[in-house]
>>> print(open('query04.csv').read())   # CSV, C-alpha atoms
chain,number,residue,atom,x,y,z
A,11,MET,CA,-66.3,-23.3,-2.0
A,12,LYS,CA,-65.5,-21.5,-5.2
A,13,PRO,CA,-64.4,-23.6,-8.2
A,14,ILE,CA,-60.7,-23.9,-8.5
A,15,HIS,CA,-60.7,-22.6,-12.1
A,16,ASN,CA,-62.4,-19.4,-10.9
A,17,THR,CA,-59.7,-18.8,-8.3
A,18,LEU,CA,-56.9,-19.5,-10.8
A,19,GLY,CA,-58.6,-17.1,-13.2
A,20,LEU,CA,-58.7,-14.4,-10.5
A,21,ILE,CA,-55.0,-14.9,-9.7
A,22,ALA,CA,-54.2,-14.6,-13.4
A,23,ILE,CA,-56.1,-11.4,-13.7
A,24,VAL,CA,-54.3,-9.9,-10.7
A,25,LEU,CA,-50.9,-10.9,-12.0
A,26,ALA,CA,-51.6,-9.5,-15.4
A,27,SER,CA,-52.7,-6.3,-13.8
A,28,LEU,CA,-49.4,-6.1,-11.8
A,29,THR,CA,-47.4,-6.9,-14.9
A,30,THR,CA,-49.2,-4.2,-16.9
A,31,THR,CA,-48.7,-1.7,-14.1
A,32,TYR,CA,-45.0,-2.4,-13.9
A,33,ALA,CA,-44.7,-2.2,-17.7
A,34,GLN,CA,-46.4,1.2,-17.6
A,35,ASP,CA,-44.0,2.3,-14.8
A,36,PRO,CA,-40.5,1.0,-15.4
A,37,LEU,CA,-39.1,3.3,-12.7
A,38,PRO,CA,-41.3,2.7,-9.7
A,39,SER,CA,-38.9,4.0,-7.1
A,40,TRP,CA,-38.9,7.4,-8.9
A,41,ASN,CA,-41.4,10.1,-8.0
A,42,ASP,CA,-43.4,11.5,-10.9
A,43,THR,CA,-41.2,14.6,-11.0
A,44,ALA,CA,-39.3,16.3,-13.9
A,45,PRO,CA,-36.3,13.9,-13.9
A,46,LYS,CA,-38.4,10.7,-14.3
A,47,LYS,CA,-40.5,12.3,-17.1
A,48,ALA,CA,-37.3,13.5,-18.9
A,49,ILE,CA,-35.7,10.1,-18.7
A,50,VAL,CA,-38.8,8.3,-20.1
A,51,ALA,CA,-39.2,11.0,-22.9
A,52,PHE,CA,-35.6,10.7,-23.8
A,53,VAL,CA,-35.6,6.9,-24.0
A,54,GLU,CA,-38.8,6.9,-26.1
A,55,LYS,CA,-37.5,9.4,-28.6
A,56,VAL,CA,-34.1,7.8,-29.2
A,57,THR,CA,-35.6,4.3,-29.5
A,58,LYS,CA,-38.6,5.0,-31.7
A,59,GLU,CA,-37.9,4.2,-35.4
A,60,GLY,CA,-38.9,7.1,-37.5
A,61,SER,CA,-38.2,9.6,-34.8
A,62,PRO,CA,-35.9,12.5,-35.8
A,63,ASP,CA,-33.9,11.6,-32.7
A,64,PHE,CA,-33.7,7.9,-33.3
A,65,ILE,CA,-30.4,6.4,-32.4
A,66,GLN,CA,-29.2,2.9,-33.6
A,67,PRO,CA,-28.8,0.4,-30.8
A,68,ASN,CA,-25.0,0.1,-31.3
A,69,GLU,CA,-24.8,3.8,-30.5
A,70,ARG,CA,-26.9,3.6,-27.3
A,71,ILE,CA,-24.1,3.9,-24.8
A,72,ALA,CA,-24.8,4.9,-21.2
A,73,THR,CA,-22.0,5.6,-18.7
A,74,PHE,CA,-22.4,5.8,-14.9
A,75,ASP,CA,-20.1,6.9,-12.2
A,76,ASN,CA,-20.1,4.5,-9.3
A,77,ASP,CA,-19.4,6.1,-5.9
A,78,GLY,CA,-22.2,8.4,-5.0
A,79,THR,CA,-24.1,7.7,-8.2
A,80,LEU,CA,-24.9,4.0,-8.1
A,81,TRP,CA,-24.1,3.3,-4.5
A,82,CYS,CA,-23.4,5.1,-1.2
A,83,GLU,CA,-20.0,6.8,-0.7
A,84,LYS,CA,-20.4,8.1,2.8
A,85,PRO,CA,-19.0,8.2,5.5
A,86,MET,CA,-16.2,7.3,3.0
A,87,PRO,CA,-15.8,5.5,-0.3
A,88,ILE,CA,-16.4,1.7,0.1
A,89,GLN,CA,-13.1,0.8,-1.5
A,90,LEU,CA,-11.4,2.7,1.3
A,91,PHE,CA,-13.1,0.5,3.9
A,92,PHE,CA,-11.6,-2.4,2.0
A,93,ALA,CA,-8.2,-0.8,2.1
A,94,LEU,CA,-8.5,-0.1,5.9
A,95,ASP,CA,-9.3,-3.7,6.6
A,96,ARG,CA,-6.3,-4.7,4.5
A,97,VAL,CA,-4.1,-2.4,6.5
A,98,LYS,CA,-5.1,-4.1,9.7
A,99,GLU,CA,-4.6,-7.5,8.2
A,100,LEU,CA,-1.1,-6.7,6.9
A,101,ALA,CA,0.1,-4.7,10.0
A,102,PRO,CA,1.9,-7.6,11.6
A,103,GLN,CA,4.1,-7.9,8.5
A,104,HIS,CA,4.9,-4.1,8.7
A,105,PRO,CA,6.0,-3.1,12.2
A,106,GLU,CA,7.3,0.2,10.7
A,107,TRP,CA,3.6,1.2,10.1
A,108,LYS,CA,3.2,2.0,13.9
A,109,ASP,CA,5.3,5.1,13.4
A,110,LYS,CA,4.7,5.9,9.7
A,111,GLU,CA,1.8,8.0,8.4
A,112,PRO,CA,-0.8,7.5,7.1
A,113,PHE,CA,-0.7,3.9,8.5
A,114,ALA,CA,0.0,4.9,12.2
A,115,SER,CA,-3.3,6.9,12.3
A,116,LEU,CA,-5.2,4.2,10.6
A,117,LEU,CA,-4.1,1.6,13.1
A,118,LYS,CA,-5.3,3.9,15.9
A,119,GLY,CA,-8.7,4.2,14.2
A,120,ASP,CA,-8.2,7.9,13.3
A,121,VAL,CA,-9.2,7.9,9.6
A,122,LYS,CA,-9.5,11.7,9.5
A,123,ALA,CA,-5.8,12.2,10.6
A,124,ALA,CA,-4.7,9.5,8.2
A,125,MET,CA,-6.4,11.2,5.3
A,126,ALA,CA,-5.0,14.6,6.2
A,127,GLY,CA,-2.3,13.8,3.7
A,128,GLY,CA,-4.9,14.0,0.9
A,129,GLU,CA,-4.4,12.2,-2.4
A,130,HIS,CA,-0.9,11.2,-1.6
A,131,ALA,CA,-1.9,9.5,1.6
A,132,LEU,CA,-4.7,7.7,-0.2
A,133,LEU,CA,-2.4,6.5,-2.9
A,134,GLU,CA,0.0,5.2,-0.3
A,135,ILE,CA,-2.7,3.2,1.3
A,136,VAL,CA,-4.0,1.7,-2.0
A,137,MET,CA,-0.5,0.9,-3.2
A,138,ALA,CA,0.4,-0.9,0.1
A,139,THR,CA,-2.9,-2.9,0.2
A,140,HIS,CA,-3.7,-3.6,-3.4
A,141,THR,CA,-0.4,-4.8,-4.8
A,142,GLY,CA,2.1,-7.6,-4.6
A,143,MET,CA,-0.3,-10.4,-5.5
A,144,THR,CA,-1.7,-11.8,-8.7
A,145,THR,CA,-4.9,-10.4,-10.2
A,146,GLY,CA,-6.6,-13.7,-9.5
A,147,GLU,CA,-5.6,-13.5,-5.8
A,148,PHE,CA,-6.8,-10.0,-5.6
A,149,GLU,CA,-10.2,-10.9,-7.2
A,150,LYS,CA,-10.7,-13.6,-4.6
A,151,MET,CA,-9.8,-11.2,-1.8
A,152,VAL,CA,-12.3,-8.7,-3.0
A,153,LYS,CA,-15.1,-11.3,-3.4
A,154,ASP,CA,-14.5,-12.7,0.1
A,155,TRP,CA,-14.5,-9.2,1.6
A,156,ILE,CA,-17.6,-7.8,-0.1
A,157,ALA,CA,-19.5,-11.0,0.7
A,158,THR,CA,-19.4,-10.1,4.4
A,159,ALA,CA,-18.5,-6.5,4.9
A,160,LYS,CA,-21.2,-4.1,6.1
A,161,HIS,CA,-21.9,-0.4,6.2
A,162,PRO,CA,-21.1,1.1,9.6
A,163,THR,CA,-24.3,3.1,9.9
A,164,THR,CA,-27.0,1.0,8.3
A,165,LYS,CA,-25.4,-2.4,9.2
A,166,GLN,CA,-26.4,-3.5,5.7
A,167,PRO,CA,-24.0,-5.4,3.4
A,168,PHE,CA,-22.3,-2.9,1.1
A,169,THR,CA,-23.9,-4.7,-1.9
A,170,LYS,CA,-27.2,-3.5,-0.5
A,171,MET,CA,-26.1,0.1,-0.3
A,172,VAL,CA,-27.0,0.6,-4.0
A,173,TYR,CA,-29.6,3.1,-5.1
A,174,GLN,CA,-32.7,1.4,-6.1
A,175,PRO,CA,-33.8,4.1,-8.5
A,176,MET,CA,-30.5,3.7,-10.4
A,177,ILE,CA,-30.8,-0.1,-10.5
A,178,GLU,CA,-34.2,0.4,-12.1
A,179,LEU,CA,-32.7,3.0,-14.5
A,180,LEU,CA,-30.0,0.6,-15.6
A,181,ALA,CA,-32.5,-2.2,-16.2
A,182,TYR,CA,-34.9,0.2,-18.1
A,183,LEU,CA,-32.0,1.3,-20.4
A,184,ARG,CA,-30.9,-2.2,-21.1
A,185,ALA,CA,-34.5,-3.2,-21.9
A,186,ASN,CA,-34.5,-0.5,-24.5
A,187,GLY,CA,-31.3,-1.5,-26.3
A,188,PHE,CA,-28.7,0.5,-24.3
A,189,LYS,CA,-25.3,-0.9,-23.3
A,190,THR,CA,-24.5,0.3,-19.7
A,191,PHE,CA,-21.0,1.0,-18.5
A,192,ILE,CA,-19.5,2.0,-15.2
A,193,VAL,CA,-16.9,4.8,-15.5
A,194,SER,CA,-15.5,5.4,-12.1
A,195,GLY,CA,-12.5,6.8,-10.3
A,196,GLY,CA,-12.6,3.6,-8.2
A,197,GLY,CA,-10.2,0.7,-8.9
A,198,ILE,CA,-11.2,-1.3,-11.9
A,199,GLU,CA,-10.1,-4.5,-10.3
A,200,PHE,CA,-11.9,-3.7,-7.1
A,201,MET,CA,-15.2,-3.2,-9.0
A,202,ARG,CA,-15.1,-6.0,-11.6
A,203,PRO,CA,-15.5,-9.0,-9.3
A,204,TRP,CA,-19.0,-7.9,-8.1
A,205,THR,CA,-20.6,-5.4,-10.6
A,206,GLU,CA,-22.3,-8.1,-12.7
A,207,GLY,CA,-24.1,-9.6,-9.7
A,208,VAL,CA,-25.1,-6.2,-8.2
A,209,TYR,CA,-25.7,-4.0,-11.3
A,210,GLY,CA,-26.0,-6.5,-14.2
A,211,ILE,CA,-22.9,-4.8,-15.6
A,212,PRO,CA,-20.2,-7.4,-16.7
A,213,PRO,CA,-16.5,-6.8,-16.0
A,214,GLU,CA,-15.7,-5.9,-19.6
A,215,GLN,CA,-18.1,-2.9,-19.2
A,216,VAL,CA,-16.3,-1.5,-16.2
A,217,VAL,CA,-13.9,1.4,-16.7
A,218,GLY,CA,-11.9,2.5,-13.7
A,219,SER,CA,-8.5,3.6,-12.2
A,220,SER,CA,-5.8,1.0,-12.5
A,221,GLY,CA,-2.3,0.1,-11.3
A,222,LYS,CA,0.3,-1.5,-13.5
A,223,THR,CA,0.5,-5.3,-13.9
A,224,LYS,CA,3.3,-7.6,-14.9
A,225,TYR,CA,3.1,-10.9,-16.8
A,226,GLU,CA,4.9,-13.8,-15.1
A,227,ILE,CA,5.0,-17.6,-15.1
A,228,ARG,CA,4.3,-19.0,-11.6
A,229,ASP,CA,4.2,-22.7,-11.0
A,230,GLY,CA,4.1,-23.2,-14.8
A,231,GLN,CA,1.0,-20.9,-15.1
A,232,PRO,CA,0.8,-17.4,-16.7
A,233,VAL,CA,-0.3,-14.8,-14.2
A,234,LEU,CA,-0.6,-11.0,-14.0
A,235,VAL,CA,1.1,-9.6,-10.9
A,236,LYS,CA,-0.2,-6.2,-9.4
A,237,LEU,CA,2.6,-3.7,-9.1
A,238,ALA,CA,2.9,-0.7,-6.8
A,239,GLU,CA,2.7,1.7,-9.7
A,240,ILE,CA,-0.1,3.8,-11.1
A,241,ASN,CA,-1.3,3.0,-14.6
A,242,PHE,CA,-4.3,5.3,-15.1
A,243,ILE,CA,-6.5,7.6,-12.9
A,244,ASP,CA,-10.1,7.5,-14.2
A,245,ASP,CA,-11.4,10.7,-12.7
A,246,LYS,CA,-12.3,14.1,-13.8
A,247,GLU,CA,-10.6,14.8,-17.2
A,248,GLY,CA,-9.4,11.1,-17.2
A,249,LYS,CA,-13.0,9.8,-17.6
A,250,PRO,CA,-13.4,10.9,-21.3
A,251,VAL,CA,-10.0,9.4,-21.9
A,252,GLY,CA,-11.0,6.1,-20.3
A,253,ILE,CA,-14.3,6.1,-22.3
A,254,ASN,CA,-12.4,6.5,-25.5
A,255,GLN,CA,-9.8,3.8,-24.6
A,256,HIS,CA,-12.2,1.2,-23.3
A,257,ILE,CA,-15.5,1.8,-25.1
A,258,GLY,CA,-14.6,3.6,-28.3
A,259,ARG,CA,-17.9,5.4,-28.6
A,260,LYS,CA,-19.3,8.6,-27.0
A,261,PRO,CA,-22.2,7.9,-24.6
A,262,ILE,CA,-25.6,9.4,-25.3
A,263,LEU,CA,-26.5,9.3,-21.6
A,264,SER,CA,-24.1,9.9,-18.7
A,265,ALA,CA,-24.8,10.0,-14.9
A,266,GLY,CA,-22.7,11.4,-12.2
A,267,ASN,CA,-23.1,13.1,-8.8
A,268,VAL,CA,-22.5,16.5,-7.3
A,269,PHE,CA,-19.4,15.9,-5.4
A,270,SER,CA,-15.7,16.5,-6.1
A,271,GLY,CA,-16.3,17.6,-9.6
A,272,GLY,CA,-15.3,14.2,-10.8
A,273,ASP,CA,-18.0,13.8,-13.4
A,274,ILE,CA,-18.2,17.2,-15.0
A,275,ALA,CA,-15.8,16.2,-17.9
A,276,MET,CA,-17.7,13.0,-18.6
A,277,LEU,CA,-21.0,14.7,-18.8
A,278,ARG,CA,-19.6,17.4,-21.1
A,279,TYR,CA,-18.1,14.7,-23.3
A,280,CYS,CA,-21.5,13.0,-23.5
A,281,GLN,CA,-23.2,16.2,-24.4
A,282,SER,CA,-20.8,16.7,-27.4
A,283,HIS,CA,-22.3,13.6,-29.1
A,284,PRO,CA,-24.0,14.9,-32.3
A,285,GLY,CA,-27.3,13.1,-31.5
A,286,ALA,CA,-29.8,13.5,-28.7
A,287,THR,CA,-28.2,13.2,-25.3
A,288,LEU,CA,-29.1,13.2,-21.6
A,289,GLN,CA,-27.0,14.1,-18.6
A,290,LEU,CA,-27.9,13.4,-15.0
A,291,MET,CA,-26.4,14.7,-11.7
A,292,VAL,CA,-27.4,13.0,-8.5
A,293,ASN,CA,-27.7,15.5,-5.7
A,294,HIS,CA,-27.2,14.2,-2.1
A,295,ASP,CA,-29.8,16.3,-0.2
A,296,ASP,CA,-31.5,13.7,2.0
A,297,ALA,CA,-29.8,13.5,5.4
A,298,VAL,CA,-32.7,11.3,6.8
A,299,ARG,CA,-32.6,8.4,4.3
A,300,GLU,CA,-28.9,8.8,3.1
A,301,PHE,CA,-26.4,11.6,3.6
A,302,ALA,CA,-26.6,15.3,2.8
A,303,TYR,CA,-23.4,16.7,1.4
A,304,ALA,CA,-22.1,18.8,-1.5
A,305,GLU,CA,-18.9,20.3,-3.0
A,306,PRO,CA,-17.6,23.3,-1.1
A,307,ASP,CA,-17.4,25.3,-4.4
A,308,GLY,CA,-20.6,23.9,-5.9
A,309,ALA,CA,-18.8,23.2,-9.2
A,310,SER,CA,-21.0,20.4,-10.3
A,311,LEU,CA,-24.3,22.2,-9.7
A,312,LYS,CA,-22.9,25.2,-11.4
A,313,ALA,CA,-21.9,23.1,-14.4
A,314,ALA,CA,-25.3,21.5,-14.5
A,315,ALA,CA,-27.0,24.8,-14.5
A,316,ALA,CA,-24.7,26.3,-17.2
A,317,ASN,CA,-25.1,23.2,-19.5
A,318,GLY,CA,-28.7,22.4,-18.9
A,319,TRP,CA,-28.0,19.0,-17.2
A,320,MET,CA,-30.7,17.3,-15.2
A,321,VAL,CA,-30.2,17.4,-11.4
A,322,VAL,CA,-31.8,14.5,-9.6
A,323,ASN,CA,-32.6,15.5,-6.0
A,324,MET,CA,-32.8,12.4,-3.7
A,325,LYS,CA,-35.2,14.0,-1.3
A,326,ASN,CA,-37.9,14.9,-3.8
A,327,ASP,CA,-37.2,12.8,-6.9
A,328,TRP,CA,-36.7,9.4,-5.3
A,329,LYS,CA,-39.6,7.5,-3.7
A,330,ASN,CA,-37.2,5.0,-2.2
A,331,ILE,CA,-33.4,5.3,-2.1
A,332,PHE,CA,-32.5,1.7,-1.0
A,333,ALA,CA,-34.4,-1.5,-1.6
A,334,PHE,CA,-34.3,-2.3,2.2
A,335,GLU,CA,-36.2,0.9,3.1
A,336,ASP,CA,-39.6,0.5,4.7
A,337,LYS,CA,-42.1,1.0,1.9
>>> encode(input="query04.csv", output="structure tokens")
Amino acid sequence: MKPIHNTLGLIAIVLASLTTTYAQDPLPSWNDTAPKKAIVAFVEKVTKEGSPDFIQPNERIATFDNDGTLWCEKPMPIQLFFALDRVKELAPQHPEWKDKEPFASLLKGDVKAAMAGGEHALLEIVMATHTGMTTGEFEKMVKDWIATAKHPTTKQPFTKMVYQPMIELLAYLRANGFKTFIVSGGGIEFMRPWTEGVYGIPPEQVVGSSGKTKYEIRDGQPVLVKLAEINFIDDKEGKPVGINQHIGRKPILSAGNVFSGGDIAMLRYCQSHPGATLQLMVNHDDAVREFAYAEPDGASLKAAAANGWMVVNMKNDWKNIFAFEDK
């Protein structure tokens, strides 16, 4: 039998080796392609004192879209799954929904027909399912739902449908003095209850679309009641507005994805920062491990090419997409 101290010494050497390997590769789920190299080079030059591109820590702002950039948005955005479950839950209180669109189609399970009304139909669904309660009641509702809800294809919890390479990127940036923000078209109060546990991004660093709220005293306590009125849409040209209102600094790194053109304005705004900047566009081109889809007009890819933004192709640039994948 080998002496215990020799065995412990061997274990220590192995652990040290693993730690060193990880330290050398902070983005292990990324393949060694151009995007990974560009990210590392960018972080190194803006954080190295004495570098002509050095940026002070308080200016190291990074903004990330959520749907399709940090987590899966197919077969439809996850917040819409939440809204659909709420429609079913509230249906007994609304017998008129049986004959009223988009609710009638939703209750029949025909999501495509329900969404034929476009943005107007979506807003109707959100207003009917996200309002009429206090912000505290809504927060509990979201937490309870997301703790058990699962993706219809993978059967994984929605909180596991996050892109592992992006989780690593968030951690890598924070380890290098960056402050990371979500800037999403999704509902701000839908995201805030869970983003800290899933992404390490606290609620005060979440920017999103919002409805109006009203201050009331209920049972002797101050509450905010969610109203069926739109306050702000944090999408497309609204994203730079949201960044200015909530953050007050231009980002030096912004990440979006090539769908709906929703992130073009944010990446352009980021690029207008006077210092060194980096813009990323996630391209959904892996139908085997995720979903393959793109904009009909290719607006985001065209904008990326015209402005020199980095396109991250899931198929070739990501070693793993989800943490639950077989390694």
>>> residues_around(input="query04.csv", residues="A:Leu80", least_positions_apart="2", cutoff="9 Å", atoms="only C-alpha atoms", output="list of chain:residue names")
A:Phe74, A:Asp75, A:Asn76, A:Asp77, A:Gly78, A:Cys82, A:Met171, A:Val172, A:Tyr173, A:Gln174, A:Pro175, A:Met176, A:Ile177, A:Tyr209, A:Gly266
>>> closest_residue(input="query04.csv", among="A:Pro203, A:Val208, A:Ser115, A:Met137", to="A:Pro167", atoms="only C-alpha atoms")
A:Val208
>>> closest_residue(input="query04.csv", among="A:Ala181, A:Ala297, A:Cys280, A:Ala275", to="A:Lys260", atoms="only C-alpha atoms")
A:Cys280
>>> closest_residue(input="query04.csv", among="A:Pro306, A:Lys98, A:Glu111, A:Glu178", to="A:Ser39", atoms="all atoms listed in the file")
A:Glu178
>>> atom_distance(input="query04.csv", atom1="atom CA of A:Lys224", atom2="atom CA of A:Val193")
23.7 Å
>>> closest_residue(input="query04.csv", among="A:Trp40, A:Trp81, A:Phe200, A:Phe113", to="A:Glu147", atoms="all atoms listed in the file")
A:Phe200
